[in-house]
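Below: coords_12.txt (compact mmCIF, C-alpha atoms)
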```
# COMPACT_ATOMS: atom_id res chain seq x y z
CA MET K 1 291.70 97.55 271.63
CA SER K 2 295.19 97.96 270.17
CA SER K 3 296.94 101.35 270.38
CA PHE K 4 299.55 102.72 268.00
CA ASN K 5 301.29 105.93 269.07
CA SER K 6 303.30 108.22 266.89
CA LYS K 7 306.48 109.79 268.11
CA GLU K 8 305.99 113.24 269.57
CA VAL K 9 307.00 115.95 267.10
CA GLN K 10 308.05 119.50 267.88
CA ILE K 11 306.41 121.91 265.41
CA ALA K 12 307.45 125.54 264.95
CA ARG K 13 303.82 126.76 264.91
CA ASN K 14 301.37 127.70 267.64
CA SER K 15 298.78 125.18 268.81
CA SER K 16 295.94 127.16 267.23
CA TYR K 17 297.43 126.77 263.73
CA ILE K 18 297.92 123.00 264.17
CA PHE K 19 294.44 122.57 265.67
CA ASN K 20 292.80 124.49 262.80
CA PHE K 21 294.73 122.48 260.23
CA LEU K 22 293.71 119.14 261.78
CA SER K 23 290.10 120.31 262.29
CA ASP K 24 289.40 120.14 258.55
CA PHE K 25 289.51 116.74 256.84
CA ASN K 26 290.28 118.48 253.55
CA ASN K 27 293.77 119.06 255.03
CA PHE K 28 294.30 115.43 256.06
CA GLU K 29 294.76 114.36 252.45
CA LYS K 30 298.03 116.36 252.40
CA LEU K 31 299.39 114.05 255.12
CA MET K 32 298.45 110.72 253.57
CA PRO K 33 300.95 108.31 251.98
CA PRO K 34 300.65 107.15 248.34
CA GLN K 35 298.93 103.89 249.46
CA VAL K 36 295.87 105.96 250.39
CA THR K 37 293.67 106.48 247.35
CA ASP K 38 290.12 107.62 246.51
CA TRP K 39 290.18 110.37 249.16
CA LYS K 40 286.80 112.04 249.66
CA SER K 41 286.19 114.73 252.24
CA ASP K 42 283.58 117.33 253.15
CA GLY K 43 285.59 118.90 255.96
CA GLU K 44 283.65 117.10 258.74
CA SER K 45 284.07 113.53 257.52
CA CYS K 46 286.17 111.60 255.03
CA SER K 47 286.56 108.25 253.35
CA PHE K 48 289.53 106.68 251.64
CA ASN K 49 290.89 103.40 250.38
CA ILE K 50 294.03 101.87 251.81
CA GLN K 51 295.67 99.92 249.01
CA ASN K 52 294.98 96.18 249.26
CA MET K 53 293.12 96.59 252.54
CA ALA K 54 289.82 98.39 252.98
CA ILE K 55 287.76 101.52 252.59
CA LEU K 56 287.76 103.48 255.83
CA ARG K 57 285.48 106.32 256.89
CA MET K 58 286.07 108.79 259.71
CA ARG K 59 284.28 111.72 261.30
CA TYR K 60 285.02 114.17 264.09
CA ARG K 61 283.54 113.21 267.45
CA ARG K 62 284.97 115.98 269.63
CA ARG K 63 287.33 118.91 269.25
CA THR K 64 288.83 120.68 272.25
CA PRO K 65 290.27 123.94 270.90
CA ASN K 66 294.04 123.96 270.48
CA SER K 67 294.67 120.75 272.44
CA HIS K 68 292.77 117.61 271.37
CA ILE K 69 290.87 116.21 268.39
CA ASP K 70 288.90 112.97 268.68
CA ILE K 71 288.15 111.24 265.37
CA VAL K 72 286.09 108.03 265.11
CA SER K 73 285.30 105.42 262.49
CA ASP K 74 282.08 106.06 260.65
CA GLY K 75 279.64 103.81 258.84
CA ASN K 76 280.41 100.32 257.61
CA VAL K 77 284.13 99.82 258.33
CA PRO K 78 286.04 96.52 258.73
CA PHE K 79 286.91 97.32 262.38
CA ALA K 80 286.06 100.02 264.93
CA PHE K 81 288.79 102.60 265.47
CA ASP K 82 289.53 106.10 266.65
CA LEU K 83 292.32 108.56 266.02
CA GLN K 84 293.38 110.92 268.78
CA CYS K 85 295.37 114.06 267.97
CA PHE K 86 297.11 115.64 270.97
CA ILE K 87 298.53 119.16 270.71
CA GLU K 88 300.45 120.95 273.44
CA GLU K 89 301.57 124.56 273.17
CA GLU K 90 305.23 125.01 274.13
CA GLY K 91 305.60 128.72 273.44
CA GLU K 92 304.33 131.47 271.18
CA GLU K 93 305.42 129.70 267.99
CA SER K 94 306.15 126.17 269.18
CA SER K 95 303.97 123.16 269.92
CA LYS K 96 304.24 119.41 270.40
CA ALA K 97 301.91 117.02 268.61
CA ARG K 98 301.28 113.30 268.92
CA LEU K 99 298.83 110.94 267.21
CA GLN K 100 297.29 107.79 268.66
CA PHE K 101 295.38 105.24 266.60
CA ASN K 102 293.21 102.82 268.59
CA ALA K 103 291.69 99.89 266.72
CA ASP K 104 289.60 96.87 267.60
CA LEU K 105 291.69 94.35 265.65
CA ASN K 106 291.30 90.59 265.73
CA PRO K 107 294.54 88.73 266.61
CA MET K 108 295.33 87.85 262.99
CA LEU K 109 294.79 91.39 261.72
CA LYS K 110 296.77 92.78 264.65
CA MET K 111 299.72 90.56 263.75
CA VAL K 112 299.66 91.68 260.11
CA ALA K 113 298.80 95.37 260.63
CA SER K 114 300.74 96.37 263.77
CA LYS K 115 304.01 97.40 262.13
CA PRO K 116 302.38 99.23 259.17
CA LEU K 117 300.01 101.10 261.53
CA ALA K 118 302.86 102.13 263.85
CA ASN K 119 304.86 103.33 260.83
CA LEU K 120 301.82 105.19 259.49
CA MET K 121 301.38 107.11 262.76
CA ASP K 122 305.04 108.22 262.73
CA MET K 123 304.80 109.17 259.07
CA LEU K 124 301.65 111.24 259.67
CA ALA K 125 303.36 113.05 262.57
CA ASP K 126 306.42 113.79 260.40
CA LYS K 127 304.22 115.03 257.52
CA LEU K 128 302.21 117.21 259.93
CA LYS K 129 305.42 118.86 261.14
CA GLU K 130 306.73 119.25 257.61
CA TYR K 131 303.50 120.71 256.23
CA CYS K 132 302.84 123.11 259.14
CA GLU K 133 306.39 124.45 259.17
CA SER K 134 306.68 124.89 255.38
CA ASN K 135 303.39 126.79 254.95
CA HIS K 136 303.92 130.06 256.78
```
Could you express the structure from this file as structure tokens?
Amino acid sequence: MSSFNSKEVQIARNSSYIFNFLSDFNNFEKLMPPQVTDWKSDGESCSFNIQNMAILRMRYRRRTPNSHIDIVSDGNVPFAFDLQCFIEEEGEESSKARLQFNADLNPMLKMVASKPLANLMDMLADKLKEYCESNH
């Protein structure tokens, strides 16, 4: 299993706000880069196409209020994966967040996808910070 960690971002919002935002897949679309197309979500699960790669499906496995969200691959996907969202309250209106993508990649796919996946995790963390802080 290969792991790709985002940088840790400081967000000027409480952990409850960030947790609630990430607990609804309808919000995830706001974080996705232009290469992600055909987004479909019902709040509890989603599917999307990554340009020139594959259709991926995800669903929530576990949510620990205000601290951790565990998302797993769902259905027929090209490789098993999970996405972990870690949230840590720092103060009344300040939290830290970090994302971790774990994927069961074959050596060839790992070689090709490692840098884009690492960049994607950092970009998602940056977009999470930007979105949460700009929507007061």
Identify the residues within 10 Å of coordinate (295.1, 102.9, 265.4) (same frame as the file), considering only C-alpha atoms, and give the answer as a count of residues only.
24
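Near Ile50 (chain K), within a cut-off of 10 Å and counting all atoms listed in the file, sit the residues Pro33, Pro34, Gln35, Val36, Thr37, Asp38, Trp39, Ala54, Ile55 and Leu56 of chain K, with same-chain residues fewer than 4 positions away left out.
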How many Å lie between CA of Phe48 (chain K) and CA of Ser15 (chain K), rounded to one decimal?
26.9 Å
Who sits within 8 Å of Gly43 (chain K), all atoms listed in the file, same chain under 6 positions skipped, as a PyMOL selection string
chain K and resi 23-26
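Take CA of Val9 (chain K) and CA of Asp126 (chain K): the distance between them is 7.1 Å.
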Across K:Phe86, K:Lys129, K:Asp122, K:Asn66, the smallest distance to Ser16 (chain K), with all atoms listed in the file counted, is shown by K:Asn66
Please fill the gaps in region 111-133 of chain K so it has N, CA and C atoms, and write that as a compact mmCIF listing (two decimals), in the frame of the given file.
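out_38.txt, freshly written:
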```txt
# COMPACT_ATOMS: atom_id res chain seq x y z
N MET K 111 298.40 91.07 264.08
CA MET K 111 299.72 90.56 263.75
C MET K 111 300.21 91.14 262.41
N VAL K 112 299.31 91.21 261.44
CA VAL K 112 299.66 91.68 260.11
C VAL K 112 299.78 93.21 260.06
N ALA K 113 298.91 93.91 260.78
CA ALA K 113 298.80 95.37 260.63
C ALA K 113 299.60 96.19 261.64
N SER K 114 300.09 95.60 262.70
CA SER K 114 300.74 96.37 263.77
C SER K 114 301.90 97.23 263.28
N LYS K 115 302.84 96.63 262.58
CA LYS K 115 304.01 97.40 262.13
C LYS K 115 303.61 98.48 261.12
N PRO K 116 302.79 98.17 260.10
CA PRO K 116 302.38 99.23 259.17
C PRO K 116 301.61 100.37 259.86
N LEU K 117 300.77 100.05 260.84
CA LEU K 117 300.01 101.10 261.53
C LEU K 117 300.94 101.97 262.38
N ALA K 118 301.89 101.35 263.06
CA ALA K 118 302.86 102.13 263.85
C ALA K 118 303.67 103.04 262.94
N ASN K 119 304.11 102.52 261.80
CA ASN K 119 304.86 103.33 260.83
C ASN K 119 304.00 104.46 260.27
N LEU K 120 302.72 104.18 260.01
CA LEU K 120 301.82 105.19 259.49
C LEU K 120 301.67 106.35 260.48
N MET K 121 301.53 106.05 261.76
CA MET K 121 301.38 107.11 262.76
C MET K 121 302.61 108.01 262.80
N ASP K 122 303.81 107.41 262.75
CA ASP K 122 305.04 108.22 262.73
C ASP K 122 305.13 109.05 261.45
N MET K 123 304.75 108.45 260.33
CA MET K 123 304.80 109.17 259.07
C MET K 123 303.83 110.34 259.06
N LEU K 124 302.63 110.15 259.60
CA LEU K 124 301.65 111.24 259.67
C LEU K 124 302.16 112.37 260.55
N ALA K 125 302.80 112.03 261.67
CA ALA K 125 303.36 113.05 262.57
C ALA K 125 304.46 113.83 261.85
N ASP K 126 305.34 113.12 261.15
CA ASP K 126 306.42 113.79 260.40
C ASP K 126 305.85 114.71 259.32
N LYS K 127 304.83 114.23 258.59
CA LYS K 127 304.22 115.03 257.52
C LYS K 127 303.50 116.25 258.10
N LEU K 128 302.87 116.08 259.27
CA LEU K 128 302.21 117.21 259.93
C LEU K 128 303.23 118.30 260.25
N LYS K 129 304.35 117.90 260.82
CA LYS K 129 305.42 118.86 261.14
C LYS K 129 305.91 119.54 259.87
N GLU K 130 306.21 118.73 258.87
CA GLU K 130 306.73 119.25 257.61
C GLU K 130 305.75 120.23 256.96
N TYR K 131 304.50 119.86 256.89
CA TYR K 131 303.50 120.71 256.23
C TYR K 131 303.28 122.01 257.02
N CYS K 132 303.11 121.92 258.33
CA CYS K 132 302.84 123.11 259.14
C CYS K 132 304.02 124.08 259.11
N GLU K 133 305.21 123.57 259.13
CA GLU K 133 306.39 124.45 259.17
C GLU K 133 306.71 125.05 257.80
```
